[in-house]
$ cat protein-v3.txt   # compact mmCIF, C-alpha atoms and all ligand atoms
# COMPACT_ATOMS: atom_id res chain seq x y z
CA MET A 1 0.00 0.00 0.00
CA THR A 2 1.25 3.48 -0.84
CA ARG A 3 -0.02 6.59 0.83
CA VAL A 4 0.63 10.01 -0.66
CA THR A 5 -0.41 13.09 1.28
CA ILE A 6 -1.64 16.11 -0.62
CA ALA A 7 -0.35 18.63 1.88
CA LEU A 8 -2.87 21.43 1.54
CA PRO A 9 -3.91 23.50 4.52
CA PRO A 10 -6.31 23.60 6.24
CA ARG A 11 -7.16 19.99 5.46
CA PRO A 12 -4.50 17.80 3.90
CA TYR A 13 -5.77 14.56 2.44
CA ASP A 14 -4.35 11.23 1.40
CA ALA A 15 -4.35 9.28 -1.80
CA VAL A 16 -4.13 5.60 -0.97
CA ILE A 17 -2.95 3.30 -3.74
CA GLU A 18 -3.24 -0.46 -3.54
CA SER A 19 -4.30 -3.29 -5.76
CA GLY A 20 -7.55 -4.69 -4.34
CA LEU A 21 -8.33 -1.55 -2.35
CA LEU A 22 -11.92 -1.44 -3.61
CA GLN A 23 -12.77 -4.32 -1.29
CA ARG A 24 -11.54 -2.24 1.62
CA ALA A 25 -13.16 1.02 0.56
CA GLY A 26 -15.63 0.85 3.45
CA GLU A 27 -12.87 0.48 6.00
CA LYS A 28 -10.89 3.38 4.47
CA LEU A 29 -13.93 5.66 4.38
CA GLY A 30 -14.56 4.70 7.97
CA GLU A 31 -11.16 6.14 8.84
CA VAL A 32 -12.06 9.43 7.16
CA PHE A 33 -15.53 9.89 8.49
CA SER A 34 -14.97 8.81 12.07
CA GLY A 35 -11.76 10.81 12.48
CA GLY A 36 -9.48 7.86 12.94
CA VAL A 37 -9.09 4.11 12.97
CA GLY A 38 -10.65 2.07 15.76
CA ASP A 39 -14.34 1.44 16.15
CA TRP A 40 -15.08 3.08 12.84
CA ALA A 41 -17.72 0.52 11.99
CA ALA A 42 -19.87 1.67 14.85
CA LYS A 43 -19.26 5.35 14.23
CA ALA A 44 -19.83 5.10 10.48
CA GLY A 45 -23.30 3.76 11.24
CA GLY A 46 -25.87 5.63 9.28
CA LYS A 47 -23.45 7.98 7.47
CA ARG A 48 -25.15 8.45 4.14
CA LEU A 49 -22.98 8.03 1.09
CA PHE A 50 -24.14 8.80 -2.43
CA VAL A 51 -22.06 6.99 -5.00
CA VAL A 52 -22.09 8.82 -8.33
CA THR A 53 -21.09 6.60 -11.23
CA VAL A 54 -21.78 5.63 -14.86
CA PRO A 55 -23.40 2.38 -16.08
CA PRO A 56 -20.20 0.69 -17.38
CA VAL A 57 -18.38 1.18 -14.07
CA ARG A 58 -21.40 0.20 -12.04
CA ARG A 59 -21.83 -3.03 -14.01
CA LYS A 60 -18.19 -4.06 -13.61
CA TRP A 61 -17.28 -2.87 -10.16
CA GLY A 62 -20.40 -1.58 -8.43
CA LYS A 63 -21.12 -4.67 -6.42
CA LYS A 64 -17.67 -4.84 -4.94
CA LEU A 65 -17.74 -1.21 -3.82
CA MET A 66 -21.30 -1.27 -2.48
CA GLY A 67 -20.64 -4.52 -0.63
CA SER A 68 -17.58 -3.07 1.04
CA LEU A 69 -19.39 0.12 2.06
CA ALA A 70 -22.36 -1.76 3.46
CA THR A 71 -20.17 -4.14 5.43
CA ALA A 72 -18.45 -1.15 7.01
CA GLY A 73 -21.79 0.11 8.29
CA PHE A 74 -22.51 2.81 5.74
CA ALA A 75 -25.84 3.31 4.04
CA PRO A 76 -24.72 3.80 0.44
CA GLN A 77 -26.96 4.67 -2.48
CA ILE A 78 -26.07 4.74 -6.16
CA LEU A 79 -26.74 7.74 -8.39
CA GLU A 80 -26.13 7.08 -12.06
CA MET A 81 -25.25 9.65 -14.66
CA PRO A 82 -25.02 8.87 -18.37
CA ASP A 83 -21.57 7.90 -19.65
CA GLY A 84 -19.41 10.17 -21.77
CA GLU A 85 -17.80 13.58 -21.98
CA ARG A 86 -20.89 15.14 -23.56
CA HIS A 87 -22.77 14.53 -20.31
CA LYS A 88 -20.24 16.49 -18.30
CA LYS A 89 -22.52 19.50 -18.22
CA LEU A 90 -24.54 21.55 -15.77
CA ALA A 91 -27.79 19.79 -16.68
CA THR A 92 -26.31 16.53 -15.40
CA VAL A 93 -25.19 18.15 -12.15
CA GLU A 94 -28.64 19.67 -11.71
CA ARG A 95 -30.32 16.32 -12.27
CA LEU A 96 -28.03 14.67 -9.72
CA ALA A 97 -28.71 17.44 -7.21
CA GLU A 98 -32.47 16.98 -7.64
CA LYS A 99 -32.00 13.27 -7.00
CA LEU A 100 -29.92 13.95 -3.90
CA SER A 101 -32.64 16.14 -2.56
CA ARG A 102 -35.39 13.61 -3.30
CA LEU A 103 -33.35 10.98 -1.48
CA GLY A 104 -33.04 13.27 1.51
CA ALA A 105 -29.34 14.03 1.33
CA ASP A 106 -28.30 16.64 3.86
CA ARG A 107 -25.17 18.47 4.96
CA THR A 108 -23.86 15.40 6.75
CA SER A 109 -24.08 13.20 3.64
CA ALA A 110 -21.07 12.59 1.44
CA ILE A 111 -20.51 11.99 -2.26
CA VAL A 112 -18.36 9.20 -3.62
CA ALA A 113 -17.15 9.86 -7.18
CA PHE A 114 -16.70 6.42 -8.70
CA GLY A 115 -15.54 6.43 -12.30
CA GLY A 116 -13.22 8.15 -14.76
CA GLY A 117 -12.40 11.83 -14.96
CA VAL A 118 -15.85 12.69 -16.25
CA VAL A 119 -17.49 11.32 -13.11
CA GLY A 120 -14.78 12.81 -10.90
CA ASP A 121 -15.28 16.28 -12.35
CA ALA A 122 -19.09 16.22 -12.39
CA ALA A 123 -19.52 14.56 -8.99
CA GLY A 124 -16.87 16.85 -7.55
CA LEU A 125 -18.77 19.88 -8.77
CA LEU A 126 -22.01 18.43 -7.46
CA ALA A 127 -20.40 17.94 -4.05
CA SER A 128 -19.07 21.47 -3.97
CA LEU A 129 -22.47 22.97 -4.79
CA TYR A 130 -25.05 20.84 -3.02
CA MET A 131 -26.04 22.62 0.19
CA ARG A 132 -22.93 24.76 -0.30
CA GLY A 133 -20.63 21.83 -0.07
CA LEU A 134 -20.60 18.17 0.90
CA ASP A 135 -17.58 15.99 1.54
CA VAL A 136 -16.43 14.05 -1.49
CA VAL A 137 -14.25 10.98 -1.82
CA GLN A 138 -12.72 10.18 -5.18
CA ILE A 139 -12.48 6.57 -6.33
CA PRO A 140 -11.02 6.93 -9.82
CA THR A 141 -11.33 3.99 -12.23
CA THR A 142 -9.34 5.04 -15.32
CA VAL A 143 -5.59 5.51 -15.59
CA LEU A 144 -6.15 9.15 -16.44
CA ALA A 145 -8.28 9.72 -13.38
CA GLN A 146 -5.94 7.73 -11.11
CA VAL A 147 -2.76 9.54 -12.12
CA ASP A 148 -4.22 12.97 -12.71
CA ALA A 149 -7.87 14.02 -12.53
CA SER A 150 -8.68 12.74 -9.02
CA ILE A 151 -5.83 14.69 -7.42
CA GLY A 152 -5.80 18.43 -6.97
CA GLY A 153 -9.38 19.43 -6.26
CA LYS A 154 -10.39 20.82 -9.64
CA THR A 155 -13.99 20.16 -10.60
CA ALA A 156 -15.68 21.26 -13.80
CA VAL A 157 -18.29 20.83 -16.47
CA ASN A 158 -18.24 21.91 -20.10
CA LEU A 159 -20.15 24.70 -21.80
CA ARG A 160 -20.96 24.83 -25.48
CA ALA A 161 -18.22 27.42 -25.80
CA GLY A 162 -15.54 25.15 -24.43
CA LYS A 163 -14.35 22.51 -22.01
CA ASN A 164 -14.22 22.94 -18.23
CA LEU A 165 -15.51 26.52 -18.32
CA VAL A 166 -17.65 26.15 -15.20
CA GLY A 167 -15.99 24.69 -12.15
CA THR A 168 -14.74 25.01 -8.61
CA PHE A 169 -11.88 23.95 -6.40
CA HIS A 170 -13.22 21.34 -4.03
CA HIS A 171 -10.69 18.92 -2.62
CA PRO A 172 -11.72 15.39 -1.74
CA ARG A 173 -11.40 14.05 1.80
CA MET A 174 -9.58 11.04 0.40
CA VAL A 175 -8.64 9.46 -2.90
CA LEU A 176 -8.84 5.66 -3.12
CA ILE A 177 -6.90 4.23 -6.03
CA ASP A 178 -7.25 0.56 -6.89
CA PRO A 179 -5.16 -0.33 -9.96
CA ALA A 180 -7.01 -3.68 -10.17
CA VAL A 181 -10.10 -1.94 -11.57
CA LEU A 182 -8.03 -0.99 -14.62
CA ALA A 183 -8.23 -4.63 -15.75
CA THR A 184 -11.54 -3.90 -17.50
CA LEU A 185 -10.35 -0.69 -19.14
CA PRO A 186 -10.01 -0.85 -22.95
CA ASP A 187 -6.39 -0.78 -24.16
CA ARG A 188 -6.77 2.55 -25.88
CA GLU A 189 -8.07 4.22 -22.70
CA PHE A 190 -5.28 2.59 -20.72
CA ARG A 191 -2.60 3.98 -23.04
CA ALA A 192 -4.21 7.41 -23.15
CA GLY A 193 -3.88 7.68 -19.37
CA LEU A 194 -0.34 6.41 -19.43
CA TYR A 195 0.77 9.43 -21.46
CA GLU A 196 -0.13 11.60 -18.48
CA ALA A 197 2.09 9.39 -16.30
CA LEU A 198 4.88 9.77 -18.85
CA LYS A 199 4.29 13.51 -18.65
CA CYS A 200 4.82 13.38 -14.88
CA GLY A 201 8.11 11.61 -15.56
CA VAL A 202 9.30 14.38 -17.87
CA ILE A 203 8.21 17.10 -15.44
CA GLY A 204 9.90 15.79 -12.36
CA LYS A 205 10.26 12.02 -12.00
CA PRO A 206 13.19 10.84 -14.12
CA GLU A 207 12.98 7.34 -12.69
CA LEU A 208 9.35 7.09 -13.72
CA PHE A 209 10.28 8.25 -17.20
CA ARG A 210 13.04 5.64 -17.41
CA ALA A 211 10.66 2.91 -16.34
CA LEU A 212 8.06 3.96 -18.91
CA GLU A 213 10.44 4.44 -21.82
CA THR A 214 11.27 0.75 -21.71
CA VAL A 215 7.97 -0.61 -20.46
CA ASP A 216 6.12 -3.45 -22.12
CA LEU A 217 2.50 -2.48 -21.95
CA ARG A 218 1.15 -5.99 -21.61
CA ASP A 219 3.56 -6.74 -18.80
CA LEU A 220 2.59 -3.54 -17.04
CA ARG A 221 -1.10 -4.38 -17.24
CA ARG A 222 -0.40 -7.75 -15.65
CA ASP A 223 1.96 -6.54 -12.93
CA PRO A 224 0.05 -5.01 -10.00
CA ALA A 225 3.18 -3.97 -8.10
CA LYS A 226 4.67 -2.15 -11.09
CA LEU A 227 1.36 -0.54 -11.95
CA GLU A 228 0.93 0.60 -8.37
CA TRP A 229 4.40 2.18 -8.47
CA VAL A 230 3.78 3.98 -11.78
CA ILE A 231 0.53 5.44 -10.46
CA ALA A 232 2.06 6.34 -7.10
CA GLU A 233 4.98 8.20 -8.70
CA SER A 234 2.58 10.18 -10.87
CA VAL A 235 0.36 10.98 -7.91
CA ARG A 236 3.43 12.07 -5.93
CA LEU A 237 4.45 14.45 -8.68
CA LYS A 238 1.00 15.93 -8.94
CA ALA A 239 0.71 16.19 -5.15
CA GLU A 240 4.03 18.03 -4.91
CA VAL A 241 3.09 20.50 -7.62
CA VAL A 242 -0.45 21.09 -6.35
CA ALA A 243 0.71 21.61 -2.78
CA SER A 244 3.11 24.31 -3.89
CA ASP A 245 0.59 26.12 -6.08
CA GLU A 246 -3.00 25.20 -5.41
CA ARG A 247 -4.65 27.59 -7.84
CA GLU A 248 -2.37 27.40 -10.84
CA ASN A 249 -0.74 30.78 -10.66
CA GLY A 250 2.74 29.65 -11.33
CA LEU A 251 4.26 26.28 -10.66
CA ARG A 252 1.06 24.32 -11.28
CA ARG A 253 1.34 25.35 -14.89
CA VAL A 254 4.14 22.84 -15.42
CA LEU A 255 1.42 20.18 -15.39
CA ASN A 256 0.37 21.56 -18.75
CA LEU A 257 3.35 20.03 -20.50
CA GLY A 258 2.05 18.78 -23.85
CA HIS A 259 -1.31 20.44 -23.25
CA THR A 260 -0.79 23.68 -25.16
CA ILE A 261 -0.69 21.94 -28.52
CA GLY A 262 -2.68 18.98 -27.17
CA HIS A 263 -5.72 21.14 -26.38
CA ALA A 264 -5.48 22.81 -29.77
CA LEU A 265 -5.41 19.42 -31.51
CA GLU A 266 -8.48 18.34 -29.55
CA ALA A 267 -10.36 21.54 -30.32
CA GLU A 268 -9.40 21.58 -34.00
CA THR A 269 -10.76 18.02 -34.41
CA GLU A 270 -13.86 18.86 -32.36
CA TYR A 271 -12.95 16.44 -29.56
CA ARG A 272 -13.79 13.48 -31.75
CA HIS A 273 -10.49 12.33 -33.15
CA PHE A 274 -8.21 12.02 -30.13
CA LEU A 275 -8.69 10.91 -26.57
CA HIS A 276 -7.35 13.63 -24.30
CA GLY A 277 -4.21 11.68 -23.39
CA GLU A 278 -3.50 10.97 -27.05
CA ALA A 279 -3.62 14.66 -27.90
CA VAL A 280 -1.29 15.32 -24.96
CA ALA A 281 1.04 12.63 -26.31
CA TRP A 282 1.36 14.50 -29.61
CA GLY A 283 1.64 17.74 -27.66
CA MET A 284 4.64 16.36 -25.75
CA ILE A 285 6.36 15.40 -28.99
CA ALA A 286 5.73 18.93 -30.26
CA ALA A 287 7.02 20.44 -27.00
CA ALA A 288 10.15 18.30 -27.23
CA ARG A 289 10.78 19.51 -30.75
CA ILE A 290 10.17 23.15 -29.84
CA ALA A 291 12.48 22.73 -26.82
CA ALA A 292 15.25 21.55 -29.11
CA ALA A 293 14.59 24.42 -31.53
CA VAL A 294 14.83 27.11 -28.85
CA GLU A 295 17.70 25.22 -27.22
CA SER A 296 15.88 24.69 -23.99
CA ALA A 297 16.74 21.00 -24.26
CA ASP A 298 19.37 19.15 -26.25
CA SER A 299 18.36 16.97 -29.17
CA THR A 300 19.04 13.74 -27.26
CA THR A 301 16.47 14.68 -24.62
CA ALA A 302 13.98 15.66 -27.30
CA ARG A 303 14.50 12.37 -29.10
CA ARG A 304 14.12 10.34 -25.91
CA ILE A 305 10.76 11.99 -25.20
CA THR A 306 9.53 11.42 -28.73
CA ASN A 307 10.60 7.78 -28.68
CA ALA A 308 9.08 7.13 -25.27
CA VAL A 309 5.74 8.56 -26.40
CA ARG A 310 5.67 6.62 -29.64
CA ARG A 311 6.63 3.39 -27.95
CA VAL A 312 3.46 3.34 -25.85
CA GLY A 313 1.42 2.51 -28.93
CA PRO A 314 -0.23 3.82 -32.07
CA LEU A 315 -1.75 7.30 -32.01
CA PRO A 316 -4.53 8.68 -34.20
CA LYS A 317 -3.02 10.61 -37.07
CA VAL A 318 -2.44 14.36 -36.99
CA GLU A 319 -3.89 15.78 -40.19
CA VAL A 320 -4.71 19.32 -39.13
CA ARG A 321 -3.25 22.44 -40.70
CA SER A 322 -0.43 23.97 -38.70
CA ARG A 323 -1.83 27.47 -39.25
CA ASN A 324 -5.13 26.48 -37.66
CA ILE A 325 -3.33 25.18 -34.60
CA LEU A 326 -1.39 28.40 -34.27
CA ARG A 327 -4.59 30.42 -34.51
CA LEU A 328 -6.23 28.30 -31.84
CA LEU A 329 -3.23 28.70 -29.53
CA GLN A 330 -3.65 32.42 -29.66
CA SER A 331 -7.16 32.10 -28.24
CA ASP A 332 -6.27 29.33 -25.74
CA LYS A 333 -6.82 29.98 -22.05
CA LYS A 334 -3.14 29.53 -21.36
CA THR A 335 -2.69 32.71 -23.35
CA ARG A 336 -2.17 35.50 -20.87
CA ASN A 337 -1.93 39.06 -22.16
CA GLY A 338 -1.65 37.74 -25.69
CA VAL A 339 1.33 35.54 -24.92
CA VAL A 340 1.28 31.82 -25.56
CA HIS A 341 2.97 29.93 -22.75
CA PHE A 342 4.76 26.73 -23.50
CA VAL A 343 5.97 24.25 -20.94
CA LEU A 344 9.18 22.91 -22.40
CA PRO A 345 11.46 20.14 -21.21
CA ARG A 346 14.99 21.12 -20.25
CA GLU A 347 16.05 17.61 -19.42
CA ILE A 348 14.22 14.49 -18.27
CA GLY A 349 12.77 15.55 -14.90
CA LYS A 350 13.01 19.29 -15.47
CA VAL A 351 10.76 21.69 -17.36
CA GLU A 352 10.43 25.44 -17.76
CA VAL A 353 7.71 27.83 -18.85
CA VAL A 354 8.68 29.78 -21.97
CA ASN A 355 6.56 32.56 -23.40
CA ASP A 356 8.45 33.79 -26.41
CA VAL A 357 8.49 30.80 -28.73
CA PRO A 358 8.72 32.06 -32.33
CA GLU A 359 5.67 31.15 -34.43
CA GLN A 360 7.89 29.45 -36.94
CA PHE A 361 8.94 26.81 -34.43
CA VAL A 362 5.32 26.08 -33.53
CA LEU A 363 4.39 25.64 -37.18
CA GLU A 364 7.37 23.38 -37.75
CA ALA A 365 6.52 21.28 -34.72
CA VAL A 366 2.97 20.64 -35.97
CA ASP A 367 4.33 19.85 -39.44
CA GLU A 368 6.57 17.31 -37.75
CA LEU A 369 3.54 15.66 -36.10
CA ARG A 370 1.91 15.36 -39.52
CA ARG A 371 5.09 13.86 -40.92
CA LEU A 372 5.29 11.33 -38.08
CA SER A 373 1.65 10.43 -38.78
CA LYS A 374 2.39 9.30 -42.32
N1 LIG B 401 -10.04 17.66 -12.56
C1 LIG B 401 -8.87 17.55 -13.14
O1 LIG B 401 -7.85 17.99 -12.62
C2 LIG B 401 -8.79 16.83 -14.45
C3 LIG B 401 -7.53 16.48 -14.96
C4 LIG B 401 -7.48 15.79 -16.16
C5 LIG B 401 -8.66 15.45 -16.82
N2 LIG B 401 -9.87 15.80 -16.30
C6 LIG B 401 -11.10 15.45 -16.99
O2 LIG B 401 -11.21 14.03 -17.05
C7 LIG B 401 -12.07 13.69 -18.13
C8 LIG B 401 -11.51 12.48 -18.85
O3 LIG B 401 -11.43 11.40 -17.95
P1 LIG B 401 -11.29 9.89 -18.45
O4 LIG B 401 -10.23 9.82 -19.48
O5 LIG B 401 -11.17 9.08 -17.24
O6 LIG B 401 -12.64 9.66 -19.25
P2 LIG B 401 -14.04 9.02 -18.81
O7 LIG B 401 -14.38 9.37 -17.44
O8 LIG B 401 -15.02 9.39 -19.87
O9 LIG B 401 -13.78 7.46 -18.89
C9 LIG B 401 -13.47 6.86 -20.13
C10 LIG B 401 -14.36 5.65 -20.42
O10 LIG B 401 -13.93 4.55 -19.62
C11 LIG B 401 -15.05 3.97 -18.95
N3 LIG B 401 -14.51 3.39 -17.71
C12 LIG B 401 -14.15 4.04 -16.58
N4 LIG B 401 -13.58 3.18 -15.72
C13 LIG B 401 -13.59 1.97 -16.31
C14 LIG B 401 -13.15 0.68 -15.92
N5 LIG B 401 -12.49 0.50 -14.76
N6 LIG B 401 -13.35 -0.35 -16.76
C15 LIG B 401 -13.94 -0.16 -17.97
N7 LIG B 401 -14.38 1.03 -18.39
C16 LIG B 401 -14.20 2.09 -17.57
C17 LIG B 401 -16.00 5.10 -18.77
O11 LIG B 401 -17.30 4.62 -18.59
C18 LIG B 401 -15.83 5.88 -20.09
O12 LIG B 401 -16.61 5.29 -21.09
C19 LIG B 401 -12.18 14.92 -19.00
O13 LIG B 401 -13.47 15.45 -18.88
C20 LIG B 401 -11.15 15.88 -18.42
O14 LIG B 401 -11.53 17.23 -18.56
C21 LIG B 401 -9.93 16.47 -15.12
ZN ZN B 402 -4.30 16.21 -19.29
$ encode --input "protein-v3.txt" --output "structure tokens" --more "lines below"
Ligand SMILES: NC(=O)c1ccc[n+]([C@@H]2O[C@H](COP(=O)([O-])OP(=O)(O)OC[C@H]3O[C@@H](n4cnc5c(N)ncnc54)[C@H](O)[C@@H]3O)[C@@H](O)[C@H]2O)c1
Ligand SMILES: [Zn+2]
Amino acid sequence: MTRVTIALPPRPYDAVIESGLLQRAGEKLGEVFSGGVGDWAAKAGGKRLFVVTVPPVRRKWGKKLMGSLATAGFAPQILEMPDGERHKKLATVERLAEKLSRLGADRTSAIVAFGGGVVGDAAGLLASLYMRGLDVVQIPTTVLAQVDASIGGKTAVNLRAGKNLVGTFHHPRMVLIDPAVLATLPDREFRAGLYEALKCGVIGKPELFRALETVDLRDLRRDPAKLEWVIAESVRLKAEVVASDERENGLRRVLNLGHTIGHALEAETEYRHFLHGEAVAWGMIAAARIAAAVESADSTTARRITNAVRRVGPLPKVEVRSRNILRLLQSDKKTRNGVVHFVLPREIGKVEVVNDVPEQFVLEAVDELRRLSK
């Protein structure tokens, strides 16, 4: 078992990572809601938990979670939302809130977000709004949510005008990460999340990067100890960054490595062509190339990043026009005062924020992605 503390005042919280943890979810939640170990079963009695999830996750893992919660003395109830990014919207949150109210949820109730990043974001927002704020526990079930989305307290839903435009900061009381639930995740989703772990390696965990640049994906999926370590290292990185800059004023921006161009690729293809992690994967290759061009990193580092990304598996082709990407960047939310910020690698484990990248280098980097797609 690995425990990583997200050291945020006034209430630090833990991410607990262990294969098979889902079966002990009740016990863990007992620790949170009774203020310590001990006779938690008795004290948990009656605490009302509302588990927000989507049908695929409920079908595969719902029984295990609900059984564990019930055994621990909780009175859990399931609230389903429809699956998919397009349901990450205010209407869904409103519907869930109406359901909470019909079921008699009150200030002492708690929300359990049980699913991928979509559930985590929507249920997190629900928890932050319902009766001005309920406790939430995150139980992420995708790689992306386990290494990234469940940590850091950001909640959000999409508007027609763009992704994540309505949201709050609402940190969970605890994050329970069970790598075993990833067994049912489709390969493509698994890989997409792994790019975010690779990103953590480049930002500040050279050992993680080294492990991932030589990893055999099938081995990793079958090796609980290794998987637990990869997730834990990523969570550690995110925890360190978040604790030093909760609201993304400075340091937290390093987490956007690969996201400047990644977001533009997603937007330009109307969020239909790439999974988020896949767009970030291409974005990291572009960032590596730009880093070499502006001599932030040497060409060996750039090549290592590119190779590590491509080794994870096939990526959907980049067929967009470089000019369109550039135009999108200029309207991206990471643009501050008209400047496009790039997070660029310096070496494996070190990045910097650069805001004067010549347009030419950006265009060339996107051209390179198209070339690699051929
Ligand atoms: N809050 C943050 O800091 C943060 C960070 C990164 C991403 N996000 C958000 O996360 C979302 C993407 O999350 P995601 O990639 O997890 O997508 P997702 O939540 O849509 O999950 C992907 C698919 O996998 C299915 N699934 C989930 N767990 C499964 C399991 N164990 N077995 C089989 N199928 C399973 C889901 O039903 C869904 O169909 C985006 O909306 C993004 O904005 C938030
Ligand atoms: Zn991301």
$ closest_residue --input "protein-v3.txt" --among "A:Met131, A:Val112, A:Ile6, A:Leu21" --to "Pro224 of chain A" --atoms "only C-alpha atoms"
A:Leu21
$ residues_near_ligand --input "protein-v3.txt" --ligand "ligand LIG 401 (chain B)" --cutoff "6 Å" --atoms "all atoms listed in the file" --output "list of chain:residue names"
A:Val54, A:Pro56, A:Val57, A:Asp83, A:Gly84, A:Glu85, A:Gly115, A:Gly116, A:Gly117, A:Val118, A:Val119, A:Asp121, A:Thr141, A:Thr142, A:Leu144, A:Ala145, A:Asp148, A:Ala149, A:Lys154, A:Thr155, A:Val181, A:Leu182, A:Thr184, A:Leu185
$ atom_distance --input "protein-v3.txt" --atom1 "atom CA of Arg371 of chain A" --atom2 "atom CA of Val340 of chain A"
23.9 Å
$ closest_residue --input "protein-v3.txt" --among "A:Ala239, A:Val339, A:Val318, A:Ala267" --to "Leu372 of chain A" --atoms "all atoms listed in the file"
A:Val318
$ residues_near_ligand --input "protein-v3.txt" --ligand "ligand ZN 402 (chain B)" --cutoff "9 Å" --atoms "all atoms listed in the file" --output "list in words"
Leu144, Asp148, Ala149, Gly193, Tyr195, Glu196, Leu255, Asn256, Leu257, Gly258, His259, Gly262, His263, His276, Gly277, Ala279 and Val280 of chain A
$ write_last_selection --input "protein-v3.txt" --atoms "C-alpha atoms" --output "short mmCIF file (atom, residue, chain, number, x, y, z; two decimals), in the frame of the given file"
data_model
loop_
_atom_site.label_atom_id
_atom_site.label_comp_id
_atom_site.auth_asym_id
_atom_site.auth_seq_id
_atom_site.Cartn_x
_atom_site.Cartn_y
_atom_site.Cartn_z
CA LEU A 144 -6.15 9.15 -16.44
CA ASP A 148 -4.22 12.97 -12.71
CA ALA A 149 -7.87 14.02 -12.53
CA GLY A 193 -3.88 7.68 -19.37
CA TYR A 195 0.77 9.43 -21.46
CA GLU A 196 -0.13 11.60 -18.48
CA LEU A 255 1.42 20.18 -15.39
CA ASN A 256 0.37 21.56 -18.75
CA LEU A 257 3.35 20.03 -20.50
CA GLY A 258 2.05 18.78 -23.85
CA HIS A 259 -1.31 20.44 -23.25
CA GLY A 262 -2.68 18.98 -27.17
CA HIS A 263 -5.72 21.14 -26.38
CA HIS A 276 -7.35 13.63 -24.30
CA GLY A 277 -4.21 11.68 -23.39
CA ALA A 279 -3.62 14.66 -27.90
CA VAL A 280 -1.29 15.32 -24.96
#
